[in-house]
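Heads up, final-v2.cif below (mmCIF, C-alpha atoms and all ligand atoms):
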data_run
#
loop_
_atom_site.label_atom_id
_atom_site.label_comp_id
_atom_site.auth_asym_id
_atom_site.auth_seq_id
_atom_site.Cartn_x
_atom_site.Cartn_y
_atom_site.Cartn_z
CA MET A 56 -11.84 0.63 -7.59
CA ARG A 57 -8.69 0.32 -9.63
CA ALA A 58 -6.28 -1.73 -7.60
CA ASP A 59 -3.80 -3.06 -10.14
CA ALA A 60 -0.15 -3.21 -9.21
CA GLU A 61 0.65 -0.03 -11.15
CA THR A 62 -1.87 2.15 -9.33
CA PRO A 63 -0.16 3.84 -6.38
CA LEU A 64 -1.57 2.75 -3.07
CA LEU A 65 -1.58 6.36 -2.00
CA ARG A 66 -1.49 9.54 -4.01
CA ALA A 67 -1.74 13.03 -2.59
CA GLU A 68 -1.91 16.24 -4.56
CA GLY A 69 -1.59 19.71 -3.09
CA LEU A 70 -2.50 18.76 0.47
CA VAL A 71 -2.88 21.77 2.74
CA ARG A 72 -3.85 21.83 6.40
CA THR A 73 -3.74 24.79 8.77
CA HIS A 74 -4.51 24.49 12.47
CA TYR A 75 -6.38 27.35 14.09
CA GLY A 76 -5.87 27.35 17.82
CA GLU A 77 -4.84 30.04 20.23
CA GLY A 78 -2.33 32.44 18.75
CA ALA A 79 -1.20 32.48 15.16
CA PRO A 80 -2.51 29.82 12.75
CA ALA A 81 -0.12 26.88 12.34
CA HIS A 82 0.49 26.11 8.67
CA ALA A 83 1.23 22.45 9.39
CA VAL A 84 1.02 21.08 5.82
CA ARG A 85 1.57 23.62 3.05
CA GLY A 86 1.04 21.88 -0.27
CA VAL A 87 2.24 18.30 -0.38
CA ASP A 88 2.33 16.05 -3.43
CA LEU A 89 3.14 12.45 -2.61
CA THR A 90 2.90 9.03 -4.17
CA VAL A 91 3.38 5.79 -2.28
CA ARG A 92 3.73 2.60 -4.28
CA ARG A 93 2.46 -0.75 -3.11
CA GLY A 94 5.11 -2.52 -1.03
CA GLU A 95 7.10 0.64 -0.39
CA PHE A 96 8.55 1.49 3.03
CA LEU A 97 8.55 5.26 3.20
CA ALA A 98 9.94 7.24 6.11
CA VAL A 99 8.93 10.85 6.67
CA THR A 100 11.46 12.57 8.83
CA GLY A 101 11.95 16.12 10.05
CA PRO A 102 12.12 18.21 13.20
CA SER A 103 9.41 18.52 15.79
CA GLY A 104 6.66 20.83 14.55
CA ALA A 105 7.46 20.22 10.87
CA GLY A 106 3.95 18.89 10.26
CA LYS A 107 4.72 15.16 10.05
CA SER A 108 1.89 14.02 12.32
CA THR A 109 -0.58 16.28 10.56
CA LEU A 110 0.47 14.77 7.22
CA LEU A 111 0.03 11.24 8.59
CA HIS A 112 -3.38 12.15 9.98
CA LEU A 113 -4.38 13.43 6.54
CA LEU A 114 -3.19 10.19 4.92
CA GLY A 115 -5.30 8.13 7.33
CA GLY A 116 -8.36 10.36 7.21
CA LEU A 117 -8.03 11.29 10.89
CA GLN A 118 -7.95 14.91 9.75
CA ARG A 119 -9.28 16.36 6.51
CA PRO A 120 -7.24 18.65 4.27
CA ASP A 121 -8.29 22.29 3.79
CA SER A 122 -7.48 21.76 0.12
CA GLY A 123 -5.87 19.16 -2.08
CA SER A 124 -6.89 15.61 -2.86
CA LEU A 125 -5.99 12.13 -1.74
CA TRP A 126 -6.46 8.85 -3.59
CA LEU A 127 -6.41 5.42 -1.94
CA ALA A 128 -5.63 2.64 -4.41
CA GLY A 129 -6.84 4.90 -7.21
CA GLU A 130 -10.04 5.92 -5.46
CA CYS A 131 -10.51 9.60 -4.66
CA THR A 132 -11.23 10.06 -0.95
CA ASP A 133 -12.43 13.66 -1.18
CA THR A 134 -16.06 12.64 -0.79
CA TYR A 135 -15.48 10.05 1.94
CA SER A 136 -17.67 10.59 5.00
CA GLU A 137 -16.22 10.17 8.50
CA ALA A 138 -17.97 6.81 8.69
CA HIS A 139 -16.43 5.67 5.42
CA TRP A 140 -12.98 6.73 6.61
CA ALA A 141 -13.58 4.73 9.78
CA VAL A 142 -14.31 1.69 7.64
CA GLN A 143 -11.06 2.24 5.72
CA ARG A 144 -9.14 2.40 9.00
CA ARG A 145 -10.79 -0.81 10.11
CA THR A 146 -10.02 -2.70 6.94
CA ARG A 147 -7.38 -1.15 4.66
CA ILE A 148 -5.32 1.14 6.88
CA GLY A 149 -3.64 0.20 10.16
CA ILE A 150 -2.26 2.95 12.39
CA VAL A 151 0.17 2.89 15.30
CA PHE A 152 0.92 5.90 17.46
CA GLN A 153 3.66 6.90 19.87
CA PHE A 154 1.57 6.15 22.96
CA PHE A 155 0.03 2.83 21.84
CA ASN A 156 -3.60 3.91 22.52
CA LEU A 157 -4.61 0.43 23.66
CA VAL A 158 -7.95 -0.06 25.39
CA SER A 159 -6.74 -0.23 29.00
CA ASP A 160 -9.54 -2.39 30.37
CA LEU A 161 -9.37 -5.01 27.62
CA SER A 162 -6.89 -7.87 27.67
CA VAL A 163 -4.09 -8.10 25.12
CA ALA A 164 -6.05 -10.76 23.23
CA ASP A 165 -9.21 -8.64 23.12
CA ASN A 166 -7.30 -5.52 22.06
CA VAL A 167 -5.95 -7.40 19.05
CA GLU A 168 -9.17 -9.21 18.18
CA LEU A 169 -11.47 -6.22 18.54
CA PRO A 170 -10.72 -4.62 15.14
CA ALA A 171 -11.18 -7.98 13.44
CA LEU A 172 -14.58 -8.50 15.07
CA LEU A 173 -15.57 -4.91 14.25
CA ALA A 174 -14.67 -5.60 10.63
CA GLY A 175 -17.09 -8.51 10.64
CA ILE A 176 -14.55 -11.30 10.75
CA PRO A 177 -16.06 -14.34 12.50
CA PRO A 178 -14.53 -15.08 15.92
CA LYS A 179 -13.41 -18.45 14.61
CA GLN A 180 -11.14 -16.68 12.12
CA ALA A 181 -10.20 -13.75 14.33
CA ARG A 182 -8.74 -15.94 17.04
CA PRO A 183 -6.15 -17.82 14.94
CA ARG A 184 -5.13 -14.53 13.32
CA ARG A 185 -4.63 -12.99 16.73
CA GLU A 186 -2.69 -16.02 17.94
CA ALA A 187 -0.43 -16.03 14.90
CA LEU A 188 0.31 -12.32 15.19
CA LEU A 189 1.00 -12.40 18.91
CA ALA A 190 3.35 -15.34 18.39
CA GLU A 191 5.09 -13.52 15.58
CA LEU A 192 5.49 -10.47 17.78
CA GLY A 193 6.90 -12.48 20.68
CA LEU A 194 3.82 -12.04 22.89
CA THR A 195 2.70 -15.62 23.34
CA GLY A 196 1.66 -16.09 26.96
CA LYS A 197 0.64 -12.43 27.33
CA GLU A 198 -2.87 -12.88 25.90
CA ARG A 199 -4.58 -12.49 29.26
CA SER A 200 -2.43 -9.63 30.47
CA MET A 201 -3.85 -6.14 30.67
CA PRO A 202 -1.96 -3.43 28.76
CA GLY A 203 -0.88 -1.72 32.00
CA GLU A 204 0.99 -4.85 33.06
CA LEU A 205 3.24 -4.77 30.00
CA SER A 206 6.42 -2.86 29.24
CA GLY A 207 6.26 -0.03 26.73
CA GLY A 208 7.91 -2.20 24.09
CA GLU A 209 5.39 -4.97 24.66
CA GLN A 210 2.48 -2.55 24.51
CA GLN A 211 3.74 -1.20 21.22
CA ARG A 212 3.97 -4.74 19.84
CA VAL A 213 0.34 -5.30 20.88
CA ALA A 214 -0.55 -2.05 19.11
CA LEU A 215 1.26 -3.32 16.02
CA ALA A 216 -0.67 -6.60 16.18
CA ARG A 217 -3.90 -4.67 16.49
CA ALA A 218 -3.01 -2.50 13.50
CA LEU A 219 -2.14 -5.52 11.37
CA VAL A 220 -4.88 -7.98 12.36
CA ASN A 221 -7.10 -7.03 9.43
CA GLN A 222 -4.17 -7.35 7.03
CA PRO A 223 -4.35 -3.71 5.91
CA ASP A 224 -2.90 -2.59 2.60
CA LEU A 225 -1.23 0.31 4.37
CA LEU A 226 0.42 0.68 7.78
CA LEU A 227 0.82 4.23 9.09
CA ALA A 228 3.17 4.64 12.06
CA ASP A 229 3.61 7.95 13.90
CA GLU A 230 6.79 7.91 16.02
CA PRO A 231 6.16 4.27 16.98
CA ALA A 232 9.42 4.15 18.94
CA GLY A 233 9.06 7.65 20.37
CA SER A 234 8.35 6.53 23.91
CA LEU A 235 10.50 3.39 23.97
CA ASP A 236 13.99 2.68 25.27
CA SER A 237 16.71 1.66 22.85
CA ARG A 238 15.86 -2.03 23.10
CA GLY A 239 12.16 -1.41 22.46
CA THR A 240 13.10 0.86 19.57
CA ARG A 241 15.28 -1.80 17.93
CA GLU A 242 12.52 -4.35 18.39
CA VAL A 243 9.82 -2.20 16.77
CA MET A 244 12.10 -1.26 13.88
CA ARG A 245 13.07 -4.89 13.33
CA LEU A 246 9.40 -5.85 13.18
CA LEU A 247 8.55 -3.05 10.75
CA SER A 248 11.39 -4.22 8.50
CA ARG A 249 10.19 -7.79 8.70
CA PHE A 250 6.60 -6.91 7.74
CA HIS A 251 7.92 -4.75 4.93
CA ALA A 252 10.05 -7.65 3.66
CA ARG A 253 6.80 -9.58 3.36
CA GLY A 254 5.20 -6.90 1.24
CA GLN A 255 3.56 -4.61 3.79
CA THR A 256 3.39 -1.00 2.62
CA ILE A 257 4.51 1.29 5.44
CA VAL A 258 4.62 5.04 6.00
CA LEU A 259 6.73 5.75 9.09
CA VAL A 260 6.91 9.19 10.62
CA THR A 261 9.93 9.83 12.82
CA HIS A 262 12.01 12.78 13.98
CA ASP A 263 14.92 10.35 14.32
CA ALA A 264 16.81 10.23 11.03
CA ARG A 265 18.60 7.04 12.13
CA LEU A 266 15.31 5.16 12.28
CA ALA A 267 14.41 6.46 8.84
CA SER A 268 17.32 4.53 7.37
CA ALA A 269 15.32 1.30 7.76
CA ALA A 270 13.03 2.55 4.98
CA ASP A 271 13.68 2.30 1.27
CA ARG A 272 12.73 5.90 0.68
CA VAL A 273 13.06 8.90 2.95
CA ILE A 274 11.20 12.17 2.70
CA SER A 275 12.56 15.10 4.66
CA PHE A 276 9.72 17.22 5.86
CA PHE A 277 10.37 20.80 6.85
CA ASP A 278 7.97 23.58 7.65
CA GLY A 279 4.99 21.78 6.11
CA CYS A 280 6.73 20.95 2.84
CA VAL A 281 8.68 18.08 1.32
CA ALA A 282 12.26 19.34 1.42
CA ASP A 283 13.87 16.23 -0.01
CA ASP A 284 12.74 12.88 -1.36
CA ALA A 285 15.40 10.23 -1.72
CA ALA A 286 15.34 6.54 -2.59
CA LEU A 287 17.73 4.52 -0.44
CA ASP A 288 18.24 1.69 -2.87
CA GLY A 289 21.77 0.81 -1.90
CA GLY A 290 23.36 3.02 -4.52
CA ALA A 291 23.54 6.78 -4.59
CA PRO A 292 20.31 8.33 -3.39
CA THR A 293 17.95 9.28 -6.22
CA ARG A 294 16.73 12.74 -5.40
CA HIS A 295 13.39 13.71 -6.82
CA ARG A 296 13.29 17.24 -5.52
CA GLY A 297 15.86 19.36 -3.77
CA ILE A 298 15.52 21.73 -0.87
CA SER A 299 15.97 24.62 -3.28
CA GLY A 300 12.63 23.68 -4.83
CA VAL A 301 11.00 24.08 -1.46
CA LEU A 302 12.65 27.38 -0.74
CA GLU A 303 11.28 28.67 -4.03
CA LEU A 304 7.81 27.57 -3.04
CA LYS A 305 7.86 29.63 0.12
CA ASP A 306 7.10 33.28 0.12
P1 LIG B 401 5.31 17.14 13.92
O1 LIG B 401 4.56 15.86 14.01
O2 LIG B 401 6.29 17.19 12.80
O3 LIG B 401 5.96 17.49 15.23
P2 LIG B 401 2.70 18.43 13.86
O4 LIG B 401 1.97 18.00 12.64
O5 LIG B 401 2.32 17.77 15.14
O6 LIG B 401 4.27 18.32 13.61
O7 LIG B 401 2.50 19.98 14.07
C1 LIG B 401 2.77 20.93 13.05
C2 LIG B 401 2.35 22.30 13.53
O8 LIG B 401 0.97 22.36 13.73
C3 LIG B 401 2.98 22.69 14.87
O9 LIG B 401 3.22 24.06 14.84
C4 LIG B 401 1.90 22.35 15.86
O10 LIG B 401 2.00 23.14 17.01
C5 LIG B 401 0.64 22.65 15.08
N1 LIG B 401 -0.50 21.81 15.46
C6 LIG B 401 -0.57 20.46 15.31
N2 LIG B 401 -1.77 20.00 15.71
C7 LIG B 401 -2.47 21.07 16.13
C8 LIG B 401 -3.79 21.28 16.65
N3 LIG B 401 -4.63 20.25 16.82
N4 LIG B 401 -4.17 22.53 16.97
C9 LIG B 401 -3.34 23.58 16.79
N5 LIG B 401 -2.09 23.47 16.29
C10 LIG B 401 -1.66 22.25 15.96
MG MG B 402 4.44 14.41 15.48
#

Could I get this structure in the form of structure tokens?
Ligand code: ADP
Ligand code: MG
Amino acid sequence: MRADAETPLLRAEGLVRTHYGEGAPAHAVRGVDLTVRRGEFLAVTGPSGAGKSTLLHLLGGLQRPDSGSLWLAGECTDTYSEAHWAVQRRTRIGIVFQFFNLVSDLSVADNVELPALLAGIPPKQARPRREALLAELGLTGKERSMPGELSGGEQQRVALARALVNQPDLLLADEPAGSLDSRGTREVMRLLSRFHARGQTIVLVTHDARLASAADRVISFFDGCVADDAALDGGAPTRHRGISGVLELKD
């Protein structure tokens, strides 16, 4: 695998995904090209139904594209089996969701340690990692609690610890503050910014444009397409592609 600093951590070309359910097919992702550099904090924002979650699922191998290709650290994922994707999500990709998805009958400590043990990390190493992360996330003393005993904000911090315990190259977050109050939201965003400051690559999906401003690049997603792609580097935004480009793409 080519994993030098110049190789994008993530590269997508022509990703398409249509959902066939009841009623008309939903063209959730309609041809997305995307590159994410190592260390970048990218926010994908857009209205409900724009296709943001579908895009994130494609990036994490939770769903497969109908067409298009995806490279992880220079390696084409098109031929990855489900099992191989699962390995990637255990080792190189951490994911947090809106509703935490913790294992309800495992303690906080076990929820965080489980992915490390599944990845073959010896318990002797998994435990100090778990302890360090929980301390960092302000959860010391909660190790023995069950998820149901925690506030939403605390549960999301446990989910963040679980996603980061294997020190993944990439963190994918789908509306991580979507079910939290304003305090929980600030807390999660502060933690994302802190991990990013330490070099964590993050793709954050949010319908809340205010949260997107924590990122250093914001993609506006609309109707399955990238409508705008702007670097927020302190100066004037650098636009890579305008909404007019998207309108031309549509029929
Ligand atoms: P967002 O996260 O931006 O709200 P989604 O990716 O969840 O958007 O959804 C995009 C479109 O695809 C919507 O029209 C949604 O109803 C549809 N969709 C998403 N997932 C499914 C699914 N599993 N089955 C059928 N339709 C789906
Ligand atoms: Mg969504």

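Comparing the minimum interatomic distances between A:Asn156 and each of A:Ala228, A:Ala214, A:Leu219, A:Ala270, counting all atoms listed in the file, we find that A:Ala214 sits nearest.
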
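The interatomic distance for the pair atom CA of A:Arg185 and atom CA of A:Gly115 works out to 23.1 Å.
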
Which residues sit within 9 Å of ligand LIG 401 (chain B), counting only C-alpha atoms and all ligand atoms, listed as a ChimeraX atom specification?
-> /A:72-77,80-84,100-112,229-230,260-262,276-279

Expected file contents, prior selection, C-alpha atoms, as a JSON list (two decimals), in the frame of the given file:
[["chain", "number", "residue", "atom", "x", "y", "z"],
["A", 72, "ARG", "CA", -3.85, 21.83, 6.40],
["A", 73, "THR", "CA", -3.74, 24.79, 8.77],
["A", 74, "HIS", "CA", -4.51, 24.49, 12.47],
["A", 75, "TYR", "CA", -6.38, 27.35, 14.09],
["A", 76, "GLY", "CA", -5.87, 27.35, 17.82],
["A", 77, "GLU", "CA", -4.84, 30.04, 20.23],
["A", 80, "PRO", "CA", -2.51, 29.82, 12.75],
["A", 81, "ALA", "CA", -0.12, 26.88, 12.34],
["A", 82, "HIS", "CA", 0.49, 26.11, 8.67],
["A", 83, "ALA", "CA", 1.23, 22.45, 9.39],
["A", 84, "VAL", "CA", 1.02, 21.08, 5.82],
["A", 100, "THR", "CA", 11.46, 12.57, 8.83],
["A", 101, "GLY", "CA", 11.95, 16.12, 10.05],
["A", 102, "PRO", "CA", 12.12, 18.21, 13.20],
["A", 103, "SER", "CA", 9.41, 18.52, 15.79],
["A", 104, "GLY", "CA", 6.66, 20.83, 14.55],
["A", 105, "ALA", "CA", 7.46, 20.22, 10.87],
["A", 106, "GLY", "CA", 3.95, 18.89, 10.26],
["A", 107, "LYS", "CA", 4.72, 15.16, 10.05],
["A", 108, "SER", "CA", 1.89, 14.02, 12.32],
["A", 109, "THR", "CA", -0.58, 16.28, 10.56],
["A", 110, "LEU", "CA", 0.47, 14.77, 7.22],
["A", 111, "LEU", "CA", 0.03, 11.24, 8.59],
["A", 112, "HIS", "CA", -3.38, 12.15, 9.98],
["A", 229, "ASP", "CA", 3.61, 7.95, 13.90],
["A", 230, "GLU", "CA", 6.79, 7.91, 16.02],
["A", 260, "VAL", "CA", 6.91, 9.19, 10.62],
["A", 261, "THR", "CA", 9.93, 9.83, 12.82],
["A", 262, "HIS", "CA", 12.01, 12.78, 13.98],
["A", 276, "PHE", "CA", 9.72, 17.22, 5.86],
["A", 277, "PHE", "CA", 10.37, 20.80, 6.85],
["A", 278, "ASP", "CA", 7.97, 23.58, 7.65],
["A", 279, "GLY", "CA", 4.99, 21.78, 6.11]]

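Atom CA of A:Ala98 lies 19.7 Å from atom CA of A:Val71.
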
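For the pair atom CA of A:Gln143 and atom CA of A:Ala190, the interatomic distance is 26.0 Å.
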
May I ask which of the residues A:Leu226, A:Leu259, A:Leu89, A:Val213 is the closest one to ligand MG 402 (chain B), counting all atoms listed in the file?
-> A:Leu259

Residues within 6 Å of stretch 144-149 of chain A, all atoms listed in the file, excluding chain neighbours under 2 positions, as a list in words | Ala141, Val142, Ala218, Asn221, Pro223, Asp224, Leu225 and Leu226 of chain A

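The shortest atom-to-atom distance to ligand MG 402 (chain B), with all atoms listed in the file taken into account, belongs to A:Gly233 out of A:Ile257, A:Gly233, A:Thr134, A:Arg265.
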
Looking at A:Ser206, A:Leu172, A:Thr132, A:Leu227, which one is nearest to A:Gly239, with distances taken over all atoms listed in the file?
-> A:Ser206

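Restricting the calculation to all atoms listed in the file, the smallest distance between ligand MG 402 (chain B) and any of A:Asp263, A:Glu137, A:Asp236, A:Glu95 is found for A:Asp263.
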
Would you pick out the contacts of A:Thr62 at 10 Å or less, using all atoms listed in the file, so that residues sharing its chain but fewer than 2 positions from it are not included, and give the list as an mmCIF file with C-alpha atoms, keeping the file's coordinate frame?
data_model
loop_
_atom_site.group_PDB
_atom_site.id
_atom_site.type_symbol
_atom_site.label_atom_id
_atom_site.label_comp_id
_atom_site.auth_asym_id
_atom_site.auth_seq_id
_atom_site.Cartn_x
_atom_site.Cartn_y
_atom_site.Cartn_z
ATOM 1 C CA ARG A 57 -8.690 0.320 -9.630
ATOM 2 C CA ALA A 58 -6.280 -1.730 -7.600
ATOM 3 C CA ASP A 59 -3.800 -3.060 -10.140
ATOM 4 C CA ALA A 60 -0.150 -3.210 -9.210
ATOM 5 C CA LEU A 64 -1.570 2.750 -3.070
ATOM 6 C CA LEU A 65 -1.580 6.360 -2.000
ATOM 7 C CA ARG A 66 -1.490 9.540 -4.010
ATOM 8 C CA THR A 90 2.900 9.030 -4.170
ATOM 9 C CA VAL A 91 3.380 5.790 -2.280
ATOM 10 C CA ARG A 92 3.730 2.600 -4.280
ATOM 11 C CA ARG A 93 2.460 -0.750 -3.110
ATOM 12 C CA TRP A 126 -6.460 8.850 -3.590
ATOM 13 C CA LEU A 127 -6.410 5.420 -1.940
ATOM 14 C CA ALA A 128 -5.630 2.640 -4.410
ATOM 15 C CA GLY A 129 -6.840 4.900 -7.210
ATOM 16 C CA GLU A 130 -10.040 5.920 -5.460
#

Point out the residue among A:Ala138, A:Leu173, A:Leu97, A:Ala67 with the least atom-to-atom distance to A:Arg217, counting all atoms listed in the file.
-> A:Leu173

So which residues fall inside 12 Å of (3.1, -11.0, 17.0) if we count only C-alpha atoms? Mind giving them as a count of residues only?
-> 37
